[in-house]
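Take a look at the structure below.
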Amino acid sequence: FYQNYPVIIKKNKFSRTEFYNFLIKNNFDLAIYFYRNCSTLKCFQSEIKCENSEYISSNILIFPCYKKIEFNLKNKLSVLIKNFIETKI
């Protein structure tokens, strides 16, 4: 049983791509895209602008979340994220 842990990256101090590239370079498995903005599909198009849907699909990262992730890997990831954010603030 595998799950994903979605995280929205606000574009205040750094971009989703910058954060993603940093984590990939540090050998962490994550995905830059999973949730689709359905309002862009022809069958759902209308004159209504779905700004929240667009924002989320453009700013989401997906972290893996599965039973056998070792504690030291979770700890290393949390330290890396903290250090990355602190250098951007």
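Residue names in the structure tokens use chain letters A, B, ... in the order shown, residue numbers from 1 in each chain, and ligand numbers from 1 in the order shown.
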
Fewer than 5 positions away in the same chain doesn't count, so skip those; otherwise give me all residues within 12 Å of region 17-31 of chain A, counting only C-alpha atoms, as a ChimeraX atom specification. /A:3-11,58-66,69,73-74,76-85,87-88

Excluding Arg36 (chain A) and any residue of its chain fewer than 4 positions from it, enumerate the residues within 10 Å of it, using only C-alpha atoms, and give them as a VMD selection string. chain A and resid 40 to 41 53 to 54 56 to 58

Record the distance separating CA of Glu47 (chain A) and CA of Ser15 (chain A), expressed in Å with one decimal. 28.8 Å

Apply DSSP to the backbone of this structure and, from region 2-81 of chain A, keep only the residues in helix (DSSP H, G or I); write these as a ChimeraX atom specification. /A:16-25,38-40,42-44,51-59,71-81

DSSP on the backbone: which residues in chain A end up as strand (DSSP E or B)? Give the answer as an MDAnalysis selection string. chainID A and resid 2:8 31 60:66

Separation of CA of Ile89 (chain A) from CA of Asn12 (chain A), in Å and rounded to one decimal: 9.4 Å

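Across the structure, CA of Glu86 (chain A) and CA of Tyr33 (chain A) are spaced 24.6 Å apart.
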
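Residues within 10 Å of Ile48 (chain A), counting only C-alpha atoms and excluding same-chain residues fewer than 3 positions away, are Ser39, Gln45 and Glu51 of chain A.
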